[in-house]
Number of protein chains: 2
Amino acid sequence: MPEFTEAPTQPRQRHDPNDNTIYIGKKSVMNYVIAVVTQFNNGASSVKAKARGRTISALVDVTQIVKNRFIPTLKTEDINLSTEELKSEDGRMTKVSSMEVTMTK
Amino acid sequence: MPEFTEAPTQPRQRHDPNDNTIYIGKKSVMNYVIAVVTQFNNGASSVKAKARGRTISALVDVTQIVKNRFIPTLKTEDINLSTEELKSEDGRMTKVSSMEVTMTK
């Protein structure tokens, strides 16, 4: 599947226009905080965010900053931990942990 | 509270003998994997693990390695994300994300 062909620390950008999941990558955490808050401000009742590997810690930071600074009522629900298989640059398959969180106001 | 007086990346060791929570620190991930598997082998029906800051990614790795290599029926439940306030070395309070996971067979 094309989703899984790049490096674990660089989750791909979404291509499905109906998928509004925010993928946490290597940008500064505030970029993702703003993306989450913007989705809520645009009327979303829930916002999904996903991270792989090292960026999982940043995903948790995003949820906490959104809650502490912007949306005190934020709840983090449906937290799913899983393993994804990715093809690394040398063509080998490697496993990487992933985490998906659904945030609701 | 004494729990919160050290650096975010070095969660303290447990002092309460009745608290069998595994605190994820800077050791290699396999150390914590073995600690979790050992608790299950000793009869625990559930094992709790906790991490702060950057070690949160390692905590997710621990759950996935335990599941993929040792206990295929493992479930990760009661995943709680929160913010803790810690006093840094220069005496200032800093916030750090934390995650707690309960694993059951």
# chains A, B, ... in the order shown; residues from 1 in each chain; ligands from 1

call {"tool": "closest_atom_pairs", "arguments": {"of": "chain B", "to": "chain A", "cutoff": "8 Å", "atoms": "only C-alpha atoms", "output": "tab-separated table"}}
result
residue	atom	partner	partner_atom	distance
B:Gly53	CA	A:Ser57	CA	6.3
B:Arg54	CA	A:Ser57	CA	5.6
B:Thr55	CA	A:Ser57	CA	7.3
B:Ile56	CA	A:Ser57	CA	5.3
B:Ser57	CA	A:Ile56	CA	5.3
B:Val60	CA	A:Ser97	CA	6.5
B:Asp61	CA	A:Ser97	CA	5.8
B:Gln64	CA	A:Thr83	CA	6.5
B:Thr76	CA	A:Leu81	CA	7.4
B:Ile79	CA	A:Ile79	CA	6.7
B:Leu81	CA	A:Val60	CA	6.9
B:Ser82	CA	A:Gln64	CA	6.7
B:Thr83	CA	A:Gln64	CA	6.5
B:Val96	CA	A:Asp61	CA	7.9
B:Ser97	CA	A:Asp61	CA	5.8
B:Ser98	CA	A:Val60	CA	7.7
B:Met99	CA	A:Val60	CA	7.9

call {"tool": "write_last_selection", "arguments": {"atoms": "N, CA and C atoms", "output": "tab-separated table (two decimals), in the first residue's frame"}}
result
chain	number	residue	atom	x	y	z
B	53	GLY	N	7.15	12.67	28.61
B	53	GLY	CA	7.96	13.35	27.59
B	53	GLY	C	8.39	12.42	26.47
B	54	ARG	N	9.66	12.51	26.10
B	54	ARG	CA	10.18	11.75	24.97
B	54	ARG	C	10.05	10.23	25.12
B	55	THR	N	9.97	9.75	26.35
B	55	THR	CA	9.91	8.30	26.53
B	55	THR	C	8.52	7.73	26.23
B	56	ILE	N	7.56	8.60	25.92
B	56	ILE	CA	6.22	8.10	25.59
B	56	ILE	C	6.27	7.20	24.35
B	57	SER	N	7.09	7.56	23.36
B	57	SER	CA	7.21	6.71	22.17
B	57	SER	C	7.74	5.33	22.55
B	60	VAL	N	5.01	3.11	23.94
B	60	VAL	CA	4.19	2.49	22.89
B	60	VAL	C	4.97	1.33	22.25
B	61	ASP	N	6.27	1.52	22.03
B	61	ASP	CA	7.09	0.42	21.51
B	61	ASP	C	7.04	-0.79	22.44
B	64	GLN	N	3.87	-2.73	21.99
B	64	GLN	CA	3.80	-3.43	20.71
B	64	GLN	C	4.75	-4.63	20.66
B	76	THR	N	-4.32	-3.18	25.08
B	76	THR	CA	-3.90	-1.94	25.74
B	76	THR	C	-5.15	-1.14	26.03
B	79	ILE	N	-5.91	3.96	28.42
B	79	ILE	CA	-4.79	4.81	28.03
B	79	ILE	C	-5.11	6.24	28.44
B	81	LEU	N	-3.84	10.17	28.87
B	81	LEU	CA	-2.87	11.22	28.55
B	81	LEU	C	-3.08	12.36	29.54
B	82	SER	N	-2.00	12.89	30.06
B	82	SER	CA	-2.15	14.01	30.99
B	82	SER	C	-0.91	14.90	30.97
B	83	THR	N	-0.98	15.96	31.75
B	83	THR	CA	0.14	16.89	31.86
B	83	THR	C	0.61	16.90	33.30
B	96	VAL	N	5.10	18.74	31.43
B	96	VAL	CA	5.52	17.63	30.58
B	96	VAL	C	4.33	16.71	30.38
B	97	SER	N	4.19	16.23	29.14
B	97	SER	CA	3.11	15.30	28.84
B	97	SER	C	3.41	13.95	29.46
B	98	SER	N	2.37	13.26	29.88
B	98	SER	CA	2.60	11.89	30.36
B	98	SER	C	1.51	10.96	29.84
B	99	MET	N	1.86	9.70	29.79
B	99	MET	CA	0.92	8.70	29.28
B	99	MET	C	0.99	7.47	30.17

call {"tool": "residues_around", "arguments": {"residues": "range 34-50 of chain B", "least_positions_apart": "6", "cutoff": "8 Å", "atoms": "only C-alpha atoms", "output": "PDB file with C-alpha atoms, in the first residue's frame"}}
result
ATOM      1  CA  ASN B  20       3.766  -2.248  40.449  1.00  0.00           C
ATOM      2  CA  THR B  21       3.662   0.381  37.724  1.00  0.00           C
ATOM      3  CA  ILE B  22       6.570   0.165  35.317  1.00  0.00           C
ATOM      4  CA  TYR B  23       8.106   3.586  34.693  1.00  0.00           C
ATOM      5  CA  ILE B  24       9.658   3.921  31.255  1.00  0.00           C
ATOM      6  CA  ILE B  56       6.219   8.105  25.586  1.00  0.00           C
ATOM      7  CA  LEU B  59       6.214   3.107  26.047  1.00  0.00           C
ATOM      8  CA  VAL B  66       5.159  -7.414  24.188  1.00  0.00           C
ATOM      9  CA  PHE B  70       5.364 -12.497  23.641  1.00  0.00           C
ATOM     10  CA  SER B  98       2.603  11.893  30.364  1.00  0.00           C
ATOM     11  CA  MET B  99       0.919   8.698  29.283  1.00  0.00           C
ATOM     12  CA  GLU B 100      -0.241   5.739  31.315  1.00  0.00           C
ATOM     13  CA  VAL B 101      -1.322   2.437  29.780  1.00  0.00           C
ATOM     14  CA  THR B 102      -2.890  -0.599  31.392  1.00  0.00           C
ATOM     15  CA  MET B 103      -2.052  -3.842  29.601  1.00  0.00           C
ATOM     16  CA  THR B 104      -4.167  -6.972  30.053  1.00  0.00           C
ATOM     17  CA  LYS B 105      -3.703 -10.472  28.636  1.00  0.00           C
TER      18      LYS B 105
END

call {"tool": "atom_distance", "arguments": {"atom1": "CA of Val33 in chain A", "atom2": "CA of Ile71 in chain A"}}
result
10.9 Å

call {"tool": "select_by_dssp", "arguments": {"residues": "chain A", "states": "alpha helix (DSSP H)", "output": "list in words"}}
result
Val29, Met30, Asn31, Tyr32, Val33, Ile34, Ala35, Val36, Val37, Thr38, Gln39, Phe40, Asn41, Ile56, Ser57, Ala58, Leu59, Val60, Asp61, Val62, Thr63, Gln64 and Ile65 of chain A

call {"tool": "write_last_selection", "arguments": {"atoms": "C-alpha atoms", "output": "compact mmCIF listing (two decimals), in the first residue's frame"}}
result
# COMPACT_ATOMS: atom_id res chain seq x y z
CA VAL A 29 4.38 21.01 17.61
CA MET A 30 2.52 24.33 17.38
CA ASN A 31 1.81 23.70 13.69
CA TYR A 32 -0.25 20.66 14.63
CA VAL A 33 -1.84 22.40 17.60
CA ILE A 34 -3.09 25.11 15.25
CA ALA A 35 -4.32 22.50 12.76
CA VAL A 36 -6.38 20.80 15.48
CA VAL A 37 -7.80 24.04 16.87
CA THR A 38 -8.65 25.22 13.34
CA GLN A 39 -10.62 22.04 12.63
CA PHE A 40 -12.63 22.54 15.82
CA ASN A 41 -13.18 26.21 15.00
CA ILE A 56 4.18 9.79 19.11
CA SER A 57 5.47 11.93 21.98
CA ALA A 58 4.73 15.03 19.91
CA LEU A 59 1.19 13.81 19.32
CA VAL A 60 0.64 13.60 23.08
CA ASP A 61 2.14 17.09 23.44
CA VAL A 62 -0.32 18.35 20.81
CA THR A 63 -3.31 16.96 22.72
CA GLN A 64 -2.09 18.48 25.98
CA ILE A 65 -1.34 21.93 24.53

call {"tool": "select_by_dssp", "arguments": {"residues": "chain A", "states": "strand (DSSP E or B)", "output": "VMD selection string"}}
result
chain A and resid 22 to 23 46 to 52 75 to 87 93 to 104

call {"tool": "write_last_selection", "arguments": {"atoms": "C-alpha atoms", "output": "PDB file, in the first residue's frame"}}
result
ATOM      1  CA  ILE A  22      -3.900  15.192  11.155  1.00  0.00           C
ATOM      2  CA  TYR A  23      -0.625  13.347  10.672  1.00  0.00           C
ATOM      3  CA  SER A  46     -14.065  15.520  16.694  1.00  0.00           C
ATOM      4  CA  VAL A  47     -10.537  15.652  15.331  1.00  0.00           C
ATOM      5  CA  LYS A  48      -8.362  12.645  14.700  1.00  0.00           C
ATOM      6  CA  ALA A  49      -4.566  12.749  14.853  1.00  0.00           C
ATOM      7  CA  LYS A  50      -2.031  10.065  14.130  1.00  0.00           C
ATOM      8  CA  ALA A  51       1.691   9.603  14.665  1.00  0.00           C
ATOM      9  CA  ARG A  52       4.338   6.993  14.097  1.00  0.00           C
ATOM     10  CA  LYS A  75     -11.251  14.820  25.791  1.00  0.00           C
ATOM     11  CA  THR A  76      -8.859  12.313  24.281  1.00  0.00           C
ATOM     12  CA  GLU A  77     -10.776   9.187  23.396  1.00  0.00           C
ATOM     13  CA  ASP A  78     -10.372   6.150  21.191  1.00  0.00           C
ATOM     14  CA  ILE A  79      -6.638   5.986  21.681  1.00  0.00           C
ATOM     15  CA  ASN A  80      -5.368   3.157  19.532  1.00  0.00           C
ATOM     16  CA  LEU A  81      -1.864   1.759  19.620  1.00  0.00           C
ATOM     17  CA  SER A  82      -0.741  -0.439  16.758  1.00  0.00           C
ATOM     18  CA  THR A  83       2.193  -1.628  14.699  1.00  0.00           C
ATOM     19  CA  GLU A  84       2.685  -0.731  11.051  1.00  0.00           C
ATOM     20  CA  GLU A  85       5.051  -2.331   8.595  1.00  0.00           C
ATOM     21  CA  LEU A  86       6.958   0.121   6.480  1.00  0.00           C
ATOM     22  CA  LYS A  87       9.398  -0.402   3.661  1.00  0.00           C
ATOM     23  CA  MET A  93      10.317  -4.081   5.891  1.00  0.00           C
ATOM     24  CA  THR A  94      10.536  -2.543   9.316  1.00  0.00           C
ATOM     25  CA  LYS A  95       7.952  -2.335  12.049  1.00  0.00           C
ATOM     26  CA  VAL A  96       7.023   0.945  13.606  1.00  0.00           C
ATOM     27  CA  SER A  97       4.658   1.742  16.451  1.00  0.00           C
ATOM     28  CA  SER A  98       1.777   4.025  15.720  1.00  0.00           C
ATOM     29  CA  MET A  99      -0.812   5.844  17.772  1.00  0.00           C
ATOM     30  CA  GLU A 100      -4.128   7.353  16.782  1.00  0.00           C
ATOM     31  CA  VAL A 101      -6.151   9.644  19.026  1.00  0.00           C
ATOM     32  CA  THR A 102      -9.623  11.045  18.579  1.00  0.00           C
ATOM     33  CA  MET A 103     -10.125  14.388  20.308  1.00  0.00           C
ATOM     34  CA  THR A 104     -13.585  15.692  21.135  1.00  0.00           C
TER      35      THR A 104
END
